[in-house]
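Raw contents of upload-v5.pdb, PDB, C-alpha atoms, pLDDT in the B column:
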MODEL        1
ATOM      1  CA  MET A 183     -11.654  30.667  25.868  1.00 42.00           C
ATOM      2  CA  SER A 184     -13.963  30.939  22.904  1.00 52.00           C
ATOM      3  CA  ASP A 185     -14.857  28.055  20.606  1.00 64.00           C
ATOM      4  CA  ASN A 186     -13.068  28.731  17.309  1.00 79.00           C
ATOM      5  CA  GLY A 187     -14.676  25.936  15.291  1.00 92.00           C
ATOM      6  CA  TYR A 188     -12.983  22.816  13.971  1.00 95.00           C
ATOM      7  CA  ILE A 189      -9.393  22.009  13.068  1.00 97.00           C
ATOM      8  CA  LEU A 190      -8.491  19.309  10.544  1.00 97.00           C
ATOM      9  CA  ALA A 191      -5.045  17.695  10.527  1.00 98.00           C
ATOM     10  CA  ILE A 192      -3.411  15.515   7.878  1.00 98.00           C
ATOM     11  CA  GLU A 193      -0.535  13.195   8.816  1.00 97.00           C
ATOM     12  CA  ILE A 194       0.531  10.926   5.953  1.00 97.00           C
ATOM     13  CA  SER A 195       4.148  12.092   5.783  1.00 96.00           C
ATOM     14  CA  ASN A 196       5.755   8.698   6.398  1.00 95.00           C
ATOM     15  CA  PRO A 197       3.475   5.964   5.037  1.00 93.00           C
ATOM     16  CA  GLY A 198       6.221   3.364   5.258  1.00 84.00           C
ATOM     17  CA  SER A 199       6.488   3.894   9.018  1.00 86.00           C
ATOM     18  CA  ALA A 200       2.880   4.613   9.950  1.00 69.00           C
ATOM     19  CA  GLY A 201       1.941   1.003  10.699  1.00 67.00           C
ATOM     20  CA  HIS A 202      -1.078  -0.345   8.856  1.00 59.00           C
ATOM     21  CA  GLY A 203      -2.193   2.064   6.155  1.00 73.00           C
ATOM     22  CA  ALA A 204      -0.590   5.338   5.154  1.00 87.00           C
ATOM     23  CA  GLY A 205      -1.299   7.468   8.236  1.00 95.00           C
ATOM     24  CA  SER A 206      -4.345   9.262   9.551  1.00 96.00           C
ATOM     25  CA  VAL A 207      -6.422  12.408   9.576  1.00 97.00           C
ATOM     26  CA  ALA A 208      -7.918  14.003  12.676  1.00 97.00           C
ATOM     27  CA  ILE A 209     -10.521  16.610  13.519  1.00 97.00           C
ATOM     28  CA  GLY A 210     -11.227  18.397  16.780  1.00 96.00           C
ATOM     29  CA  ARG A 211     -12.591  21.523  18.403  1.00 95.00           C
ATOM     30  CA  LEU A 212     -10.226  24.482  18.223  1.00 94.00           C
ATOM     31  CA  ILE A 213     -10.340  26.254  21.596  1.00 93.00           C
ATOM     32  CA  GLY A 214      -7.896  29.134  21.586  1.00 89.00           C
ATOM     33  CA  ALA A 215      -4.475  27.543  21.009  1.00 92.00           C
ATOM     34  CA  SER A 216      -5.553  24.047  22.032  1.00 94.00           C
ATOM     35  CA  VAL A 217      -7.666  21.232  20.623  1.00 95.00           C
ATOM     36  CA  THR A 218     -10.318  19.136  22.361  1.00 94.00           C
ATOM     37  CA  HIS A 219     -12.585  16.238  21.427  1.00 91.00           C
ATOM     38  CA  ILE A 220     -10.237  14.909  18.773  1.00 93.00           C
ATOM     39  CA  ASP A 221     -11.461  12.120  16.504  1.00 96.00           C
ATOM     40  CA  ALA A 222      -9.213  10.371  14.002  1.00 96.00           C
ATOM     41  CA  GLU A 223      -9.599   8.254  10.888  1.00 96.00           C
ATOM     42  CA  PRO A 224      -6.940   5.967   9.357  1.00 95.00           C
ATOM     43  CA  VAL A 225      -5.909   6.577   5.767  1.00 95.00           C
ATOM     44  CA  GLY A 226      -5.532   3.588   3.534  1.00 86.00           C
ATOM     45  CA  ALA A 227      -6.927   1.121   6.066  1.00 50.00           C
ATOM     46  CA  GLY A 228     -10.699   1.404   5.849  1.00 44.00           C
ATOM     47  CA  GLY A 229     -11.664   2.666   2.410  1.00 43.00           C
ATOM     48  CA  ARG A 230     -10.627   2.196  -1.168  1.00 41.00           C
ATOM     49  CA  GLY A 231      -6.934   2.479  -0.508  1.00 39.00           C
ATOM     50  CA  SER A 232      -4.272   0.115   0.729  1.00 39.00           C
ATOM     51  CA  GLY A 233      -1.796   2.734   1.858  1.00 40.00           C
ATOM     52  CA  GLY A 234      -0.380   3.655  -1.523  1.00 46.00           C
ATOM     53  CA  PHE A 235      -0.816   6.923  -3.386  1.00 46.00           C
ATOM     54  CA  GLY A 236      -1.911   7.540  -6.921  1.00 46.00           C
ATOM     55  CA  GLY A 237      -4.643   6.089  -9.088  1.00 38.00           C
ATOM     56  CA  HIS A 238      -7.444   4.359  -7.220  1.00 37.00           C
ATOM     57  CA  ASP A 239      -5.305   3.689  -4.132  1.00 47.00           C
ATOM     58  CA  ASP A 240      -5.534   7.206  -2.768  1.00 81.00           C
ATOM     59  CA  ASP A 241      -7.702   7.073   0.345  1.00 93.00           C
ATOM     60  CA  LEU A 242      -6.863  10.512   1.768  1.00 95.00           C
ATOM     61  CA  MET A 243      -9.908  12.458   0.580  1.00 95.00           C
ATOM     62  CA  PRO A 244     -12.311   9.572   1.314  1.00 95.00           C
ATOM     63  CA  ALA A 245     -10.842   9.350   4.830  1.00 95.00           C
ATOM     64  CA  ILE A 246     -11.394  13.081   5.346  1.00 95.00           C
ATOM     65  CA  GLU A 247     -14.960  12.707   4.074  1.00 94.00           C
ATOM     66  CA  ARG A 248     -15.608   9.816   6.471  1.00 95.00           C
ATOM     67  CA  LEU A 249     -14.226  11.837   9.363  1.00 95.00           C
ATOM     68  CA  CYS A 250     -16.156  15.016   8.573  1.00 93.00           C
ATOM     69  CA  THR A 251     -19.362  13.037   8.080  1.00 93.00           C
ATOM     70  CA  ARG A 252     -18.904  11.424  11.478  1.00 93.00           C
ATOM     71  CA  ALA A 253     -18.303  14.856  13.032  1.00 90.00           C
ATOM     72  CA  GLY A 254     -21.374  16.246  11.276  1.00 89.00           C
ATOM     73  CA  ILE A 255     -19.598  19.049   9.450  1.00 86.00           C
ATOM     74  CA  HIS A 256     -19.145  20.050   5.827  1.00 75.00           C
ATOM     75  CA  PRO A 257     -15.943  21.815   4.664  1.00 63.00           C
ATOM     76  CA  ARG A 258     -18.005  24.631   3.138  1.00 67.00           C
ATOM     77  CA  SER A 259     -20.196  25.128   6.226  1.00 72.00           C
ATOM     78  CA  GLY A 260     -17.827  27.658   7.775  1.00 78.00           C
ATOM     79  CA  HIS A 261     -17.239  25.449  10.802  1.00 89.00           C
ATOM     80  CA  LEU A 262     -13.798  24.354   9.614  1.00 94.00           C
ATOM     81  CA  ARG A 263     -11.451  27.114  10.781  1.00 94.00           C
ATOM     82  CA  ARG A 264      -7.973  25.626  10.373  1.00 96.00           C
ATOM     83  CA  VAL A 265      -6.188  22.925   8.362  1.00 97.00           C
ATOM     84  CA  GLY A 266      -2.834  21.591   9.547  1.00 98.00           C
ATOM     85  CA  VAL A 267      -0.577  19.441   7.364  1.00 98.00           C
ATOM     86  CA  SER A 268       2.486  17.441   8.392  1.00 98.00           C
ATOM     87  CA  ILE A 269       4.922  18.618   5.713  1.00 98.00           C
ATOM     88  CA  ALA A 270       7.882  16.217   6.143  1.00 94.00           C
ATOM     89  CA  PRO A 271      10.650  15.163   6.072  1.00 96.00           C
ATOM     90  CA  GLY A 272       9.018  12.033   4.774  1.00 94.00           C
ATOM     91  CA  GLY A 273       7.859  10.409   1.593  1.00 92.00           C
ATOM     92  CA  TYR A 274       8.162  12.497  -1.560  1.00 89.00           C
ATOM     93  CA  THR A 275       4.763  11.544  -3.005  1.00 92.00           C
ATOM     94  CA  SER A 276       2.847  11.377   0.274  1.00 94.00           C
ATOM     95  CA  THR A 277       3.877  14.859   1.385  1.00 95.00           C
ATOM     96  CA  ARG A 278       3.001  16.308  -2.024  1.00 95.00           C
ATOM     97  CA  VAL A 279      -0.442  14.671  -1.827  1.00 96.00           C
ATOM     98  CA  ALA A 280      -0.968  15.973   1.709  1.00 97.00           C
ATOM     99  CA  CYS A 281       0.024  19.539   0.837  1.00 97.00           C
ATOM    100  CA  ALA A 282      -2.129  19.560  -2.296  1.00 97.00           C
ATOM    101  CA  ALA A 283      -5.131  18.333  -0.293  1.00 97.00           C
ATOM    102  CA  GLY A 284      -4.499  20.840   2.494  1.00 97.00           C
ATOM    103  CA  LYS A 285      -4.290  23.733   0.031  1.00 97.00           C
ATOM    104  CA  MET A 286      -7.457  22.675  -1.732  1.00 96.00           C
ATOM    105  CA  ILE A 287      -9.461  22.290   1.485  1.00 96.00           C
ATOM    106  CA  ALA A 288      -8.214  25.601   2.903  1.00 96.00           C
ATOM    107  CA  GLU A 289      -9.001  27.469  -0.291  1.00 95.00           C
ATOM    108  CA  ALA A 290     -12.449  25.867  -0.658  1.00 93.00           C
ATOM    109  CA  SER A 291     -13.484  26.345   2.974  1.00 93.00           C
ATOM    110  CA  GLY A 292     -11.757  29.631   3.772  1.00 94.00           C
ATOM    111  CA  ALA A 293      -9.959  27.913   6.652  1.00 95.00           C
ATOM    112  CA  GLU A 294      -6.534  28.987   7.886  1.00 96.00           C
ATOM    113  CA  CYS A 295      -3.632  26.858   6.678  1.00 98.00           C
ATOM    114  CA  VAL A 296      -0.772  25.648   8.880  1.00 98.00           C
ATOM    115  CA  ALA A 297       2.440  23.886   7.866  1.00 98.00           C
ATOM    116  CA  VAL A 298       3.506  21.493  10.637  1.00 98.00           C
ATOM    117  CA  PRO A 299       7.096  20.189  10.497  1.00 98.00           C
ATOM    118  CA  THR A 300       6.804  16.436  10.912  1.00 98.00           C
ATOM    119  CA  ALA A 301       9.549  16.364  13.550  1.00 98.00           C
ATOM    120  CA  LEU A 302       7.435  18.643  15.765  1.00 97.00           C
ATOM    121  CA  ALA A 303       4.395  16.406  15.288  1.00 97.00           C
ATOM    122  CA  VAL A 304       6.477  13.328  16.132  1.00 97.00           C
ATOM    123  CA  LEU A 305       7.831  15.030  19.240  1.00 97.00           C
ATOM    124  CA  GLU A 306       4.303  16.063  20.264  1.00 97.00           C
ATOM    125  CA  ALA A 307       3.139  12.469  19.892  1.00 96.00           C
ATOM    126  CA  ALA A 308       5.862  11.175  22.215  1.00 95.00           C
ATOM    127  CA  GLN A 309       5.187  10.674  25.900  1.00 90.00           C
ATOM    128  CA  SER A 310       5.783  13.780  28.005  1.00 87.00           C
ATOM    129  CA  THR A 311       8.708  12.054  29.737  1.00 87.00           C
ATOM    130  CA  LEU A 312      10.392  11.670  26.342  1.00 90.00           C
ATOM    131  CA  ARG A 313       9.936  15.306  25.308  1.00 90.00           C
ATOM    132  CA  SER A 314      11.857  16.921  28.164  1.00 90.00           C
ATOM    133  CA  GLY A 315      15.564  17.592  28.042  1.00 95.00           C
ATOM    134  CA  ARG A 316      17.544  17.194  24.838  1.00 96.00           C
ATOM    135  CA  VAL A 317      15.855  14.946  22.288  1.00 97.00           C
ATOM    136  CA  ALA A 318      16.716  14.205  18.652  1.00 98.00           C
ATOM    137  CA  VAL A 319      14.288  13.213  15.917  1.00 98.00           C
ATOM    138  CA  ALA A 320      15.588  11.326  12.878  1.00 98.00           C
ATOM    139  CA  LEU A 321      13.520  11.063   9.703  1.00 97.00           C
ATOM    140  CA  ALA A 322      13.982  10.218   6.027  1.00 95.00           C
ATOM    141  CA  GLY A 323      16.739   7.662   6.470  1.00 95.00           C
ATOM    142  CA  LYS A 324      18.298   6.746   3.138  1.00 93.00           C
ATOM    143  CA  GLY A 325      21.529   4.961   2.374  1.00 94.00           C
ATOM    144  CA  GLU A 326      24.038   6.045   5.024  1.00 96.00           C
ATOM    145  CA  THR A 327      22.313   9.314   5.945  1.00 97.00           C
ATOM    146  CA  ALA A 328      19.226  10.625   7.724  1.00 97.00           C
ATOM    147  CA  TRP A 329      17.678  13.987   8.497  1.00 97.00           C
ATOM    148  CA  VAL A 330      18.192  14.776  12.193  1.00 98.00           C
ATOM    149  CA  GLN A 331      16.990  17.659  14.350  1.00 97.00           C
ATOM    150  CA  VAL A 332      17.769  18.228  18.024  1.00 97.00           C
ATOM    151  CA  PHE A 333      15.238  19.750  20.443  1.00 97.00           C
ATOM    152  CA  GLU A 334      15.690  21.192  23.926  1.00 96.00           C
ATOM    153  CA  ASN A 335      12.560  20.862  26.067  1.00 94.00           C
ATOM    154  CA  GLY A 336      10.403  20.796  22.952  1.00 93.00           C
ATOM    155  CA  GLU A 337      12.080  23.718  21.162  1.00 94.00           C
ATOM    156  CA  PRO A 338      14.428  23.313  18.158  1.00 95.00           C
ATOM    157  CA  ARG A 339      18.077  23.955  18.974  1.00 94.00           C
ATOM    158  CA  ALA A 340      18.915  24.374  15.285  1.00 93.00           C
ATOM    159  CA  PRO A 341      17.391  23.544  11.901  1.00 94.00           C
ATOM    160  CA  GLY A 342      17.353  19.885  10.985  1.00 96.00           C
ATOM    161  CA  THR A 343      20.022  18.639   8.620  1.00 96.00           C
ATOM    162  CA  VAL A 344      20.993  15.527   6.676  1.00 97.00           C
ATOM    163  CA  VAL A 345      23.895  13.778   8.414  1.00 97.00           C
ATOM    164  CA  ASP A 346      25.914  10.590   8.265  1.00 97.00           C
ATOM    165  CA  SER A 347      27.183   8.722  11.323  1.00 97.00           C
ATOM    166  CA  LEU A 348      30.294  10.907  11.649  1.00 97.00           C
ATOM    167  CA  ALA A 349      28.246  14.117  11.693  1.00 97.00           C
ATOM    168  CA  ALA A 350      25.580  12.596  13.942  1.00 97.00           C
ATOM    169  CA  ALA A 351      27.999  11.368  16.609  1.00 97.00           C
ATOM    170  CA  PRO A 352      28.724  14.856  18.059  1.00 96.00           C
ATOM    171  CA  MET A 353      24.953  15.468  18.324  1.00 94.00           C
ATOM    172  CA  PHE A 354      24.499  12.327  20.376  1.00 96.00           C
ATOM    173  CA  THR A 355      27.395  13.118  22.728  1.00 95.00           C
ATOM    174  CA  SER A 356      26.184  16.673  23.403  1.00 94.00           C
ATOM    175  CA  GLY A 357      23.520  15.706  25.910  1.00 95.00           C
ATOM    176  CA  VAL A 358      20.903  14.027  23.711  1.00 97.00           C
ATOM    177  CA  ARG A 359      19.217  11.384  25.848  1.00 96.00           C
ATOM    178  CA  VAL A 360      16.543  10.129  23.442  1.00 97.00           C
ATOM    179  CA  LEU A 361      16.567   9.571  19.680  1.00 98.00           C
ATOM    180  CA  ILE A 362      13.156   9.122  18.078  1.00 98.00           C
ATOM    181  CA  ALA A 363      13.771   7.169  14.881  1.00 97.00           C
ATOM    182  CA  ASP A 364      12.010   4.571  12.752  1.00 95.00           C
ATOM    183  CA  ARG A 365      13.234   1.334  11.182  1.00 93.00           C
ATOM    184  CA  HIS A 366      14.708   3.262   8.226  1.00 94.00           C
ATOM    185  CA  LEU A 367      17.441   4.793  10.414  1.00 97.00           C
ATOM    186  CA  PRO A 368      20.777   3.770   8.837  1.00 98.00           C
ATOM    187  CA  ALA A 369      22.663   1.190  10.894  1.00 98.00           C
ATOM    188  CA  PRO A 370      25.818   3.359  11.331  1.00 98.00           C
ATOM    189  CA  ILE A 371      23.762   6.231  12.780  1.00 98.00           C
ATOM    190  CA  ARG A 372      21.889   3.806  15.041  1.00 98.00           C
ATOM    191  CA  ALA A 373      25.226   2.418  16.218  1.00 98.00           C
ATOM    192  CA  ALA A 374      26.557   5.943  16.909  1.00 98.00           C
ATOM    193  CA  ALA A 375      23.496   6.695  19.059  1.00 98.00           C
ATOM    194  CA  GLU A 376      23.747   3.431  20.974  1.00 97.00           C
ATOM    195  CA  SER A 377      27.471   3.973  21.517  1.00 97.00           C
ATOM    196  CA  ALA A 378      26.678   7.350  23.112  1.00 97.00           C
ATOM    197  CA  GLY A 379      24.124   5.759  25.422  1.00 97.00           C
ATOM    198  CA  VAL A 380      21.188   7.418  23.680  1.00 97.00           C
ATOM    199  CA  ARG A 381      17.835   5.685  24.127  1.00 97.00           C
ATOM    200  CA  LEU A 382      16.110   4.849  20.817  1.00 97.00           C
ATOM    201  CA  VAL A 383      12.328   5.175  20.593  1.00 96.00           C
ATOM    202  CA  GLU A 384      10.002   4.390  17.690  1.00 95.00           C
ATOM    203  CA  PRO A 385       8.085   7.433  16.376  1.00 96.00           C
ATOM    204  CA  ALA A 386       4.300   7.751  16.218  1.00 95.00           C
ATOM    205  CA  PHE A 387       2.948   9.538  13.155  1.00 96.00           C
ATOM    206  CA  ASP A 388      -0.289  10.753  14.721  1.00 95.00           C
ATOM    207  CA  ALA A 389      -2.753  13.191  13.138  1.00 97.00           C
ATOM    208  CA  ALA A 390      -4.046  14.165  16.592  1.00 97.00           C
ATOM    209  CA  ALA A 391      -0.537  15.308  17.546  1.00 97.00           C
ATOM    210  CA  CYS A 392      -0.331  17.219  14.264  1.00 98.00           C
ATOM    211  CA  ALA A 393      -3.616  18.953  15.167  1.00 98.00           C
ATOM    212  CA  ARG A 394      -2.292  20.011  18.576  1.00 97.00           C
ATOM    213  CA  VAL A 395       0.846  21.515  17.009  1.00 97.00           C
ATOM    214  CA  ALA A 396      -1.198  23.221  14.276  1.00 98.00           C
ATOM    215  CA  ALA A 397      -3.458  24.826  16.878  1.00 97.00           C
ATOM    216  CA  ARG A 398      -0.555  26.816  18.319  1.00 96.00           C
ATOM    217  CA  THR A 399       1.300  27.529  15.060  1.00 97.00           C
ATOM    218  CA  THR A 400       0.998  30.692  12.988  1.00 97.00           C
ATOM    219  CA  PRO A 401      -1.033  30.145   9.783  1.00 98.00           C
ATOM    220  CA  ILE A 402       0.392  30.782   6.329  1.00 98.00           C
ATOM    221  CA  ASP A 403      -1.051  31.537   2.906  1.00 97.00           C
ATOM    222  CA  PRO A 404      -2.227  28.200   1.430  1.00 97.00           C
ATOM    223  CA  ALA A 405      -0.068  28.912  -1.632  1.00 96.00           C
ATOM    224  CA  GLU A 406       2.995  28.660   0.638  1.00 97.00           C
ATOM    225  CA  LEU A 407       2.144  25.152   1.852  1.00 97.00           C
ATOM    226  CA  VAL A 408       4.897  22.982   0.377  1.00 96.00           C
ATOM    227  CA  PRO A 409       6.739  19.858   1.537  1.00 95.00           C
ATOM    228  CA  LEU A 410       9.990  20.144   3.463  1.00 92.00           C
ATOM    229  CA  TYR A 411      12.333  18.086   1.319  1.00 91.00           C
ATOM    230  CA  PRO A 412      15.520  17.030   3.158  1.00 89.00           C
ATOM    231  CA  ARG A 413      17.191  16.059  -0.103  1.00 81.00           C
ATOM    232  CA  GLU A 414      16.814  16.758  -3.774  1.00 69.00           C
ATOM    233  CA  PRO A 415      14.134  14.394  -5.179  1.00 63.00           C
ATOM    234  CA  ASP A 416      15.538  11.354  -7.002  1.00 60.00           C
ATOM    235  CA  ALA A 417      13.806  12.371 -10.229  1.00 57.00           C
ATOM    236  CA  VAL A 418      15.608  15.730 -10.178  1.00 57.00           C
ATOM    237  CA  THR A 419      18.951  14.087  -9.397  1.00 57.00           C
ATOM    238  CA  LEU A 420      18.524  11.680 -12.313  1.00 60.00           C
ATOM    239  CA  TRP A 421      17.496  14.529 -14.604  1.00 60.00           C
ATOM    240  CA  ARG A 422      20.632  16.486 -13.669  1.00 58.00           C
ATOM    241  CA  ALA A 423      22.823  13.429 -14.256  1.00 60.00           C
ATOM    242  CA  ARG A 424      21.299  12.829 -17.678  1.00 69.00           C
ATOM    243  CA  LYS A 425      21.649  16.487 -18.595  1.00 65.00           C
ATOM    244  CA  LYS A 426      25.355  16.413 -17.699  1.00 67.00           C
ATOM    245  CA  GLY A 427      25.763  13.223 -19.728  1.00 59.00           C
TER     246      GLY A 427
ENDMDL
END

Re-express the file's structure as structure tokens.
Amino acid sequence: MSDNGYILAIEISNPGSAGHGAGSVAIGRLIGASVTHIDAEPVGAGGRGSGGFGGHDDDLMPAIERLCTRAGIHPRSGHLRRVGVSIAPGGYTSTRVACAAGKMIAEASGAECVAVPTALAVLEAAQSTLRSGRVAVALAGKGETAWVQVFENGEPRAPGTVVDSLAAAPMFTSGVRVLIADRHLPAPIRAAAESAGVRLVEPAFDAAACARVAARTTPIDPAELVPLYPREPDAVTLWRARKKG
């Protein structure tokens, strides 16, 4: 296979579940539909930021600069061929920041742009033994609900959807053997999974996994790179409520 240059991946979709910092960025050699020699850099753990977004706490672009400097490339050199962004479900602000950065870098460098559903990146990051069979990924837990998508041998069985414990229970009794979910998973949904004998596994939000998914995903126009919101943003909900009042 021919060497297609570098691929850059941004994974800051779930800063509250990414461990120390807000996530990571990764860069590697794009060889056909695969990636080799991947290097990663934490976001919010080694530069100006502390994991937050906005103001002087935003470490995403500095992290990308540190990574590209270490790799010896410049975004405008023509060596960057593809940019992949984990687009959520996840944090409202973090996914907006990631998409804005991905658009800007793709437009400035002429690189292809890829939207990577975060559930696919999470599944890619899981051990191979956890990806086979029927597996569910739960993200964006809030109140009594969470966004859940079921996969069969790595392929989506249906679009993800926001469910409560009653709606989730049939998913877990239909052959799902593993549920990948973070600490924000609502207790009733966790209980429904455990009652069905489903094994719960913590997710890894890994930019290297995002890069591997992006390498085999069809690019889009950078203008189409937008977050995948599982719910209406709180600000919009409040605005609607005030308008009705």

As AutoDock Vina command-line options: centre and edge lengths in Å, one decimal, of the axis-aligned box holding range 308-315 of chain A with 8 Å per side:
--center_x 10.4 --center_y 14.1 --center_z 26.0 --size_x 26.4 --size_y 22.9 --size_z 23.5

May I have a table of the residues of range 349-411 of chain A lying at most 8 Å from range 263-286 of chain A, giving each one's closest pair of atoms and their distance in Å to one decimal, counting all atoms listed in the file, ordered by chain and ascending residue number, as a Markdown table?
| residue | atom | partner | partner_atom | distance |
| --- | --- | --- | --- | --- |
| A:Cys392 | CA | A:Ser268 | CA | 6.5 |
| A:Ala393 | CA | A:Gly266 | CA | 6.3 |
| A:Ala396 | CA | A:Gly266 | CA | 5.3 |
| A:Ala397 | CA | A:Arg264 | CA | 8.0 |
| A:Pro404 | CA | A:Lys285 | CA | 5.1 |
| A:Ala405 | CA | A:Lys285 | CA | 6.9 |
| A:Leu407 | CA | A:Cys281 | CA | 6.1 |
| A:Val408 | CA | A:Cys281 | CA | 6.0 |
| A:Pro409 | CA | A:Ile269 | CA | 4.7 |
| A:Leu410 | CA | A:Ala270 | CA | 5.2 |
| A:Tyr411 | CA | A:Pro271 | CA | 5.8 |

Export, as a short mmCIF file (atom, residue, chain, number, x, y, z; two decimals), in the frame of the given file, the selected residues with C-alpha atoms.
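Output file result-v6.cif is given in full below:
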data_model
loop_
_atom_site.label_atom_id
_atom_site.label_comp_id
_atom_site.auth_asym_id
_atom_site.auth_seq_id
_atom_site.Cartn_x
_atom_site.Cartn_y
_atom_site.Cartn_z
CA CYS A 392 -0.33 17.22 14.26
CA ALA A 393 -3.62 18.95 15.17
CA ALA A 396 -1.20 23.22 14.28
CA ALA A 397 -3.46 24.83 16.88
CA PRO A 404 -2.23 28.20 1.43
CA ALA A 405 -0.07 28.91 -1.63
CA LEU A 407 2.14 25.15 1.85
CA VAL A 408 4.90 22.98 0.38
CA PRO A 409 6.74 19.86 1.54
CA LEU A 410 9.99 20.14 3.46
CA TYR A 411 12.33 18.09 1.32
#

> So which residues get picked by the PyMOL selection byres ((chain A and resi 337-342) around 12) here, written as JSON, numbers by chain?
Replying inline: {"A": [270, 271, 299, 300, 301, 302, 305, 306, 313, 314, 315, 316, 317, 318, 319, 320, 321, 322, 328, 329, 330, 331, 332, 333, 334, 335, 336, 343, 344, 345, 350, 353, 356, 358, 410, 411, 412, 413]}

>> Under the rule that all atoms listed in the file are counted, which of A:Thr400, A:Ser206, A:Thr218, A:Ser310 is the nearest residue to Val298 in chain A?
In response: A:Thr400

>> Just want the 9 Å neighbourhood of Ser291 in chain A, counted on all atoms listed in the file, with same-chain residues fewer than 4 positions away dropped. Output as a list of chain:residue names.
In response: A:His256, A:Pro257, A:Arg258, A:Ser259, A:Gly260, A:His261, A:Leu262, A:Arg263, A:Met286, A:Ile287

Write to file, as a compact mmCIF listing (two decimals), keeping the file's coordinate frame, the residues of the selection just made, with C-alpha atoms.
# COMPACT_ATOMS: atom_id res chain seq x y z
CA HIS A 256 -19.14 20.05 5.83
CA PRO A 257 -15.94 21.82 4.66
CA ARG A 258 -18.00 24.63 3.14
CA SER A 259 -20.20 25.13 6.23
CA GLY A 260 -17.83 27.66 7.78
CA HIS A 261 -17.24 25.45 10.80
CA LEU A 262 -13.80 24.35 9.61
CA ARG A 263 -11.45 27.11 10.78
CA MET A 286 -7.46 22.68 -1.73
CA ILE A 287 -9.46 22.29 1.48

>> If we draw a sphere of 12 Å around (-18.4, 13.4, 11.8), which residues have at least one atom in it when counting all atoms listed in the file? Please report them as a VMD selection string.
In response: chain A and resid 188 190 208 to 211 219 to 223 245 to 257

> What does the distance between CA of Val360 in chain A and CA of Leu382 in chain A come to in Å, to one decimal place?
Replying inline: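 These two atoms are separated by 5.9 Å.
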
>> So the first atom is CA of Gly205 in chain A and the second is CA of Glu384 in chain A; what is the distance between them in Å, to one decimal place?
In response: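 Between CA of Gly205 in chain A and CA of Glu384 in chain A the gap works out to 15.1 Å.
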
>> Can you measure CA of Ser377 in chain A to CA of Gly325 in chain A for me? One decimal in Å is fine.
In response: 20.1 Å

> If we count all atoms listed in the file, what is near Val383 in chain A at a cut-off of 10 Å, once residues fewer than 3 positions away on the same chain are taken out, given as an MDAnalysis selection string?
Replying inline: chainID A and resid 308 312 319 360:364 380 386

> the PyMOL selection byres ((chain A and resi 401) around 8) on the file shown: which residues, as JSON, numbers by chain?
Replying inline: {"A": [294, 295, 296, 297, 399, 400, 402, 403]}

Could you take the residues named above and write them with C-alpha atoms, as a short mmCIF file (atom, residue, chain, number, x, y, z; two decimals), in the frame of the given file?
data_model
loop_
_atom_site.label_atom_id
_atom_site.label_comp_id
_atom_site.auth_asym_id
_atom_site.auth_seq_id
_atom_site.Cartn_x
_atom_site.Cartn_y
_atom_site.Cartn_z
CA GLU A 294 -6.53 28.99 7.89
CA CYS A 295 -3.63 26.86 6.68
CA VAL A 296 -0.77 25.65 8.88
CA ALA A 297 2.44 23.89 7.87
CA THR A 399 1.30 27.53 15.06
CA THR A 400 1.00 30.69 12.99
CA ILE A 402 0.39 30.78 6.33
CA ASP A 403 -1.05 31.54 2.91
#

>> Between A:Gly292, A:Thr311, A:Asp346, A:Gly198, which residue has the minimum interatomic distance to Arg359 in chain A, considering only C-alpha atoms?
In response: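 Of the candidates, the smallest distance to Arg359 in chain A is held by A:Thr311.
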
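Among the candidate residues A:Ile213, A:Val395, A:Ile371, A:Val207, the one lying nearest to Ala191 in chain A is A:Val207, with distances computed using all atoms listed in the file.
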
> Between A:Ile189, A:Ala204, A:Ala293, A:Ile194, which has the minimum distance to Ser216 in chain A (counting only C-alpha atoms)?
Replying inline: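 Closest to Ser216 in chain A of all the choices is A:Ile189.
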
>> From the options A:Ala369, A:Thr355, A:Thr327, A:Val304, which residue's atoms come nearest to Asn196 in chain A, counting all atoms listed in the file?
In response: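 Result for the nearest residue to Asn196 in chain A: A:Val304.
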
>> So, with only C-alpha atoms as the atoms that count, which of A:Gly214, A:Ala288, A:Lys324, A:Asp241 lies closest to Pro368 in chain A?
In response: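 Between A:Gly214, A:Ala288, A:Lys324, A:Asp241, the residue approaching Pro368 in chain A most closely is A:Lys324.
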